[in-house]
>>> print(open('final.txt').read())   # compact mmCIF, C-alpha atoms
# COMPACT_ATOMS: atom_id res chain seq x y z
CA THR A 1 -16.15 -26.52 63.10
CA ALA A 2 -17.75 -25.18 59.95
CA THR A 3 -20.87 -23.03 59.84
CA GLN A 4 -21.26 -23.04 56.08
CA MET A 5 -19.45 -24.98 53.40
CA ILE A 6 -20.18 -25.81 49.81
CA ALA A 7 -16.98 -27.48 48.69
CA PRO A 8 -15.96 -27.22 45.01
CA ALA A 9 -15.18 -30.21 42.84
CA LYS A 10 -11.52 -30.03 43.81
CA SER A 11 -10.64 -31.05 47.37
CA THR A 12 -11.15 -28.10 49.73
CA PHE A 13 -9.06 -29.34 52.65
CA ASN A 14 -6.99 -31.83 50.70
CA GLY A 15 -3.90 -32.81 52.68
CA TRP A 16 -4.69 -31.00 55.95
CA THR A 17 -3.03 -33.65 58.09
CA LYS A 18 -3.48 -31.73 61.35
CA LEU A 19 -7.26 -32.16 61.25
CA THR A 20 -8.42 -34.78 63.76
CA LEU A 21 -12.04 -33.88 64.59
CA VAL A 22 -14.41 -32.36 62.04
CA ASN A 23 -17.75 -30.86 63.07
CA LEU A 24 -20.11 -30.29 60.14
CA SER A 25 -23.24 -29.95 62.25
CA ASN A 26 -24.36 -26.82 60.37
CA VAL A 27 -23.25 -27.88 56.89
CA THR A 28 -25.83 -28.85 54.28
CA THR A 29 -23.63 -29.60 51.25
CA ILE A 30 -20.20 -31.22 51.11
CA GLY A 31 -18.31 -31.35 47.82
CA LYS A 32 -16.27 -34.11 46.25
CA GLY A 33 -13.05 -34.93 48.07
CA ALA A 34 -13.54 -32.12 50.60
CA PHE A 35 -11.28 -33.80 53.17
CA ASN A 36 -9.34 -36.12 50.92
CA ASN A 37 -5.86 -37.06 52.19
CA CYS A 38 -6.63 -35.68 55.66
CA GLU A 39 -5.12 -38.83 57.07
CA ASN A 40 -5.54 -38.10 60.79
CA ILE A 41 -9.27 -37.40 60.96
CA GLU A 42 -10.71 -39.57 63.73
CA SER A 43 -14.36 -38.53 63.60
CA MET A 44 -16.87 -36.42 61.68
CA THR A 45 -20.16 -34.98 62.92
CA PHE A 46 -22.88 -34.41 60.32
CA SER A 47 -25.94 -32.14 60.24
CA LYS A 48 -29.49 -33.44 60.21
CA ASN A 49 -30.02 -30.89 57.41
CA LEU A 50 -27.39 -32.52 55.20
CA GLN A 51 -28.68 -32.42 51.64
CA SER A 52 -25.85 -33.84 49.57
CA MET A 53 -22.36 -35.25 49.93
CA GLY A 54 -19.85 -35.67 47.11
CA LEU A 55 -17.81 -38.77 46.45
CA ASN A 56 -14.66 -39.56 48.38
CA ILE A 57 -14.99 -36.80 50.95
CA CYS A 58 -12.54 -38.55 53.27
CA LYS A 59 -10.50 -41.73 53.10
CA ASN A 60 -9.46 -42.19 56.72
CA ILE A 61 -12.20 -41.93 59.30
CA SER A 62 -13.15 -44.15 62.22
CA LYS A 63 -16.28 -42.57 63.71
CA VAL A 64 -19.35 -40.85 62.30
CA PHE A 65 -21.70 -38.86 64.55
CA ALA A 66 -25.18 -37.39 64.01
CA ASP A 67 -28.22 -36.48 66.08
CA ASP A 68 -30.64 -38.78 64.28
CA ILE A 69 -30.68 -42.10 62.47
CA ALA A 70 -31.95 -40.54 59.21
CA THR A 71 -28.75 -38.50 58.87
CA ILE A 72 -26.60 -41.52 59.65
CA LEU A 73 -28.34 -43.52 56.93
CA LYS A 74 -27.93 -40.67 54.45
CA VAL A 75 -24.19 -40.52 55.15
CA MET A 76 -23.86 -44.29 55.18
CA LEU A 77 -25.44 -44.64 51.73
CA SER A 78 -23.42 -41.78 50.25
CA TRP A 79 -19.87 -42.98 50.89
CA ASP A 80 -19.43 -44.63 47.49
CA GLY A 81 -15.72 -45.20 47.86
CA ALA A 82 -15.12 -42.75 50.68
CA LYS A 83 -12.86 -45.05 52.67
CA GLY A 84 -9.51 -46.45 51.85
CA ALA A 85 -7.43 -47.93 54.66
CA VAL A 86 -8.46 -51.15 56.39
CA GLN A 87 -7.01 -49.95 59.71
CA HIS A 88 -9.78 -47.37 60.04
CA PRO A 89 -13.17 -49.02 60.64
CA ILE A 90 -16.31 -46.90 60.42
CA ASP A 91 -18.60 -46.93 63.43
CA TYR A 92 -21.78 -44.89 63.56
CA TYR A 93 -23.10 -42.97 66.57
CA VAL A 94 -26.51 -41.38 67.17
CA ASN A 95 -26.52 -38.96 70.10
CA ASP A 96 -23.12 -40.36 71.07
CA GLN A 97 -24.51 -43.90 71.29
CA LEU A 98 -22.83 -46.53 69.16
CA LEU A 99 -25.23 -48.17 66.70
CA THR A 100 -25.12 -51.90 67.31
CA ASP A 101 -28.09 -52.64 65.02
CA ILE A 102 -28.17 -51.09 61.55
CA THR A 103 -31.22 -51.27 59.27
CA ILE A 104 -30.77 -50.15 55.67
CA PRO A 105 -34.02 -48.40 54.63
CA ASP A 106 -36.59 -49.85 52.23
CA GLY A 107 -36.15 -48.60 48.70
CA THR A 108 -32.37 -48.97 48.78
CA THR A 109 -31.22 -51.00 45.76
CA THR A 110 -27.44 -50.80 46.18
CA LEU A 111 -25.20 -51.05 49.23
CA PRO A 112 -22.40 -48.67 48.17
CA THR A 113 -18.68 -49.30 48.30
CA TYR A 114 -17.35 -49.08 51.89
CA CYS A 115 -20.87 -48.37 53.22
CA LEU A 116 -20.48 -50.63 56.28
CA PHE A 117 -16.77 -51.23 55.99
CA ALA A 118 -15.42 -52.81 59.19
CA THR A 119 -18.44 -51.76 61.23
CA SER A 120 -18.80 -53.41 64.62
CA ALA A 121 -22.61 -53.53 64.46
CA SER A 122 -23.84 -56.91 65.65
CA THR A 123 -27.01 -56.95 63.52
CA ILE A 124 -27.44 -55.67 59.97
CA VAL A 125 -30.80 -55.63 58.18
CA LEU A 126 -30.88 -55.44 54.37
CA PRO A 127 -34.17 -54.49 52.65
CA ALA A 128 -36.25 -56.46 50.17
CA THR A 129 -35.38 -53.91 47.47
CA LEU A 130 -31.64 -54.60 47.60
CA THR A 131 -30.21 -55.93 44.33
CA SER A 132 -26.44 -55.43 44.70
CA ILE A 133 -23.72 -55.20 47.33
CA GLU A 134 -20.75 -53.29 45.94
CA ALA A 135 -17.07 -53.96 46.62
CA TYR A 136 -16.02 -53.69 50.26
CA ALA A 137 -19.50 -52.62 51.37
CA LEU A 138 -19.34 -55.14 54.22
CA ALA A 139 -15.63 -55.94 54.16
CA TYR A 140 -14.11 -56.58 57.60
CA ALA A 141 -17.46 -55.99 59.33
CA THR A 142 -18.26 -58.27 62.26
CA PRO A 143 -22.04 -58.80 62.45
CA GLU A 144 -23.40 -61.83 64.26
CA LYS A 145 -26.67 -61.70 62.34
CA VAL A 146 -27.64 -60.38 58.92
CA TYR A 147 -31.27 -60.21 57.79
CA CYS A 148 -31.59 -60.05 54.01
CA TYR A 149 -35.21 -59.61 52.93
CA ALA A 150 -34.55 -59.69 49.19
CA THR A 151 -36.26 -62.66 47.55
CA THR A 152 -33.65 -62.63 44.77
CA PRO A 153 -30.08 -62.90 46.06
CA PRO A 154 -28.29 -59.52 45.72
CA THR A 155 -25.06 -59.65 43.73
CA ILE A 156 -21.88 -59.62 45.84
CA ALA A 157 -18.94 -57.80 44.27
CA ASP A 158 -15.99 -58.94 46.37
CA SER A 159 -14.64 -61.82 48.44
CA TYR A 160 -14.19 -59.64 51.56
CA THR A 161 -17.91 -58.95 51.82
CA LEU A 162 -18.60 -62.62 51.19
CA SER A 163 -16.21 -63.50 54.02
CA THR A 164 -18.16 -61.21 56.37
CA LEU A 165 -21.46 -62.86 55.42
CA SER A 166 -19.92 -66.31 55.76
CA GLN A 167 -19.02 -65.62 59.38
CA ALA A 168 -22.53 -64.47 60.31
CA ILE A 169 -25.91 -66.17 60.45
CA VAL A 170 -27.91 -64.87 57.49
CA TYR A 171 -31.70 -64.88 57.66
CA ILE A 172 -33.58 -64.88 54.35
CA PRO A 173 -37.28 -64.87 53.38
CA TYR A 174 -39.29 -68.06 53.67
CA GLY A 175 -39.13 -70.21 50.55
CA THR A 176 -35.99 -68.60 49.08
CA LYS A 177 -33.26 -70.92 50.35
CA THR A 178 -33.15 -72.95 47.14
CA THR A 179 -32.72 -69.76 45.12
CA TYR A 180 -29.97 -68.46 47.39
CA GLU A 181 -28.14 -71.79 47.39
CA ALA A 182 -28.16 -71.76 43.59
CA ASP A 183 -26.09 -68.57 43.68
CA SER A 184 -22.33 -69.17 43.54
CA ASN A 185 -21.65 -66.71 46.38
CA TRP A 186 -24.65 -67.08 48.67
CA LYS A 187 -24.35 -70.87 48.72
CA LYS A 188 -21.20 -70.38 50.85
CA VAL A 189 -23.18 -68.58 53.55
CA GLN A 190 -25.00 -70.06 56.56
CA LEU A 191 -28.62 -69.45 55.55
CA ILE A 192 -31.72 -69.70 57.72
CA GLU A 193 -35.19 -69.11 56.36
CA LEU A 194 -37.47 -66.83 58.34
CA PRO A 195 -40.86 -68.24 59.43
CA ASN A 196 -43.69 -68.52 56.95
CA THR A 197 -46.04 -65.83 58.24
CA GLU A 198 -48.94 -67.35 56.33
CA GLU A 199 -48.74 -70.52 58.40
CA ILE A 200 -48.01 -69.12 61.85
CA THR A 201 -51.29 -68.67 63.70
CA TRP A 202 -50.17 -68.58 67.33
CA GLU A 203 -52.30 -66.34 69.50
CA THR A 204 -50.16 -66.58 72.63
CA VAL A 205 -46.58 -67.68 73.20
CA THR A 206 -45.43 -68.54 76.72
CA VAL A 207 -41.73 -68.87 77.49
CA SER A 208 -39.52 -69.10 80.55
CA GLU A 209 -37.38 -66.04 81.10
CA GLY A 210 -33.75 -66.73 80.28
CA GLY A 211 -34.43 -69.94 78.40
CA GLY A 212 -36.72 -71.88 76.12
CA LEU A 213 -38.05 -70.19 73.00
CA ARG A 214 -36.12 -67.21 71.74
CA LEU A 215 -37.31 -65.04 68.89
CA ALA A 216 -35.30 -62.21 67.35
CA LEU A 217 -37.36 -59.02 67.37
CA SER A 218 -37.54 -58.90 63.60
CA GLU A 219 -38.74 -62.50 63.52
CA LEU A 220 -41.38 -61.84 66.19
CA GLU A 221 -42.69 -58.84 64.28
CA ALA A 222 -42.92 -61.00 61.16
CA THR A 223 -45.23 -63.48 62.85
CA LYS A 224 -48.87 -63.29 63.86
CA VAL A 225 -48.06 -63.54 67.55
CA LYS A 226 -50.45 -61.26 69.44
CA HIS A 227 -49.33 -61.98 72.99
CA LEU A 228 -46.05 -62.92 74.59
CA ARG A 229 -45.96 -64.18 78.14
CA ILE A 230 -42.74 -64.55 80.13
CA ASN A 231 -43.15 -66.32 83.48
CA GLY A 232 -46.87 -65.71 83.24
CA LYS A 233 -46.61 -61.94 82.79
CA LEU A 234 -48.10 -60.43 79.66
CA LYS A 235 -45.41 -58.54 77.73
CA ILE A 236 -47.18 -57.56 74.49
>>> encode(input="final.txt", output="structure tokens")
Amino acid sequence: TATQMIAPAKSTFNGWTKLTLVNLSNVTTIGKGAFNNCENIESMTFSKNLQSMGLNICKNISKVFADDIATILKVMLSWDGAKGAVQHPIDYYVNDQLLTDITIPDGTTTLPTYCLFATSASTIVLPATLTSIEAYALAYATPEKVYCYATTPPTIADSYTLSTLSQAIVYIPYGTKTTYEADSNWKKVQLIELPNTEEITWETVTVSEGGGLRLALSELEATKVKHLRINGKLKI
């Protein structure tokens, strides 16, 4: 456990192979390669006051913990090559709960190298501002659904990320399927256009619980549905 650490450019704990659990819950700045070659680290806990994190702080890590989603996202988007070995997937936990749905925040333009490497999250949401997915950003991940809200297909840097996307159902904005299918990578992915919100004018949707119409939450929020009834009971 560290109470204060500002690691220099050279690796502070480089090669400390006995480290297994690292608690940085009071640390605001972590320098480049701080835990490089600490091959037995199983998990790291980060502070909600984390301000900056250098490149390649650790290459072998399986679990990342924090008290809030904002910290998790900050760590997630700062890896930039932090991981190395495929046998160590990164899973993210907020208050000790595994994140099964991960939403990359609006304004993000690049999904960094190893950002969601081998994550077990079942749903991944990519923002409209995304323009590029760097090498191994989604390699070996196992999402069932990916929502990509970019109207222009983001560039994909490696075949491993493409393989991940190819094994998921990828939802894209209405009217963009032709554009995505014209891309040499995205045309290999199972693409489904989201509803055209300008045309959906339902006021009430009634479904039978456990069957009939199913709408993913993100799809429902994108529509103009004002009321949802399940077995006659008003839900929203």
>>> residues_around(input="final.txt", residues="Leu77 (chain A)", least_positions_apart="2", cutoff="12 Å", atoms="only C-alpha atoms", output="ChimeraX atom specification")
/A:52-55,70-75,79-82,103-105,107-117,133-134,137
>>> closest_residue(input="final.txt", among="A:Met76, A:Ala141, A:Leu50, A:Ala182", to="Gln167 (chain A)", atoms="all atoms listed in the file")
A:Ala141
>>> closest_residue(input="final.txt", among="A:Gln51, A:Val64, A:Gly175, A:Leu162", to="Lys187 (chain A)", atoms="only C-alpha atoms")
A:Leu162
>>> closest_residue(input="final.txt", among="A:Ala118, A:Ile41, A:Ala157, A:Val146", to="Ser132 (chain A)", atoms="all atoms listed in the file")
A:Ala157
>>> atom_distance(input="final.txt", atom1="CA of Gly15 (chain A)", atom2="CA of Ile30 (chain A)")
16.5 Å
>>> atom_distance(input="final.txt", atom1="CA of Pro153 (chain A)", atom2="CA of Gln190 (chain A)")
13.7 Å
>>> closest_residue(input="final.txt", among="A:Val22, A:Ile169, A:Asp183, A:Val27", to="Thr155 (chain A)", atoms="only C-alpha atoms")
A:Asp183
>>> atom_distance(input="final.txt", atom1="CA of Thr129 (chain A)", atom2="CA of Tyr160 (chain A)")
22.3 Å
>>> closest_residue(input="final.txt", among="A:Lys63, A:Cys38, A:Tyr174, A:Asn95", to="Ser120 (chain A)", atoms="only C-alpha atoms")
A:Lys63
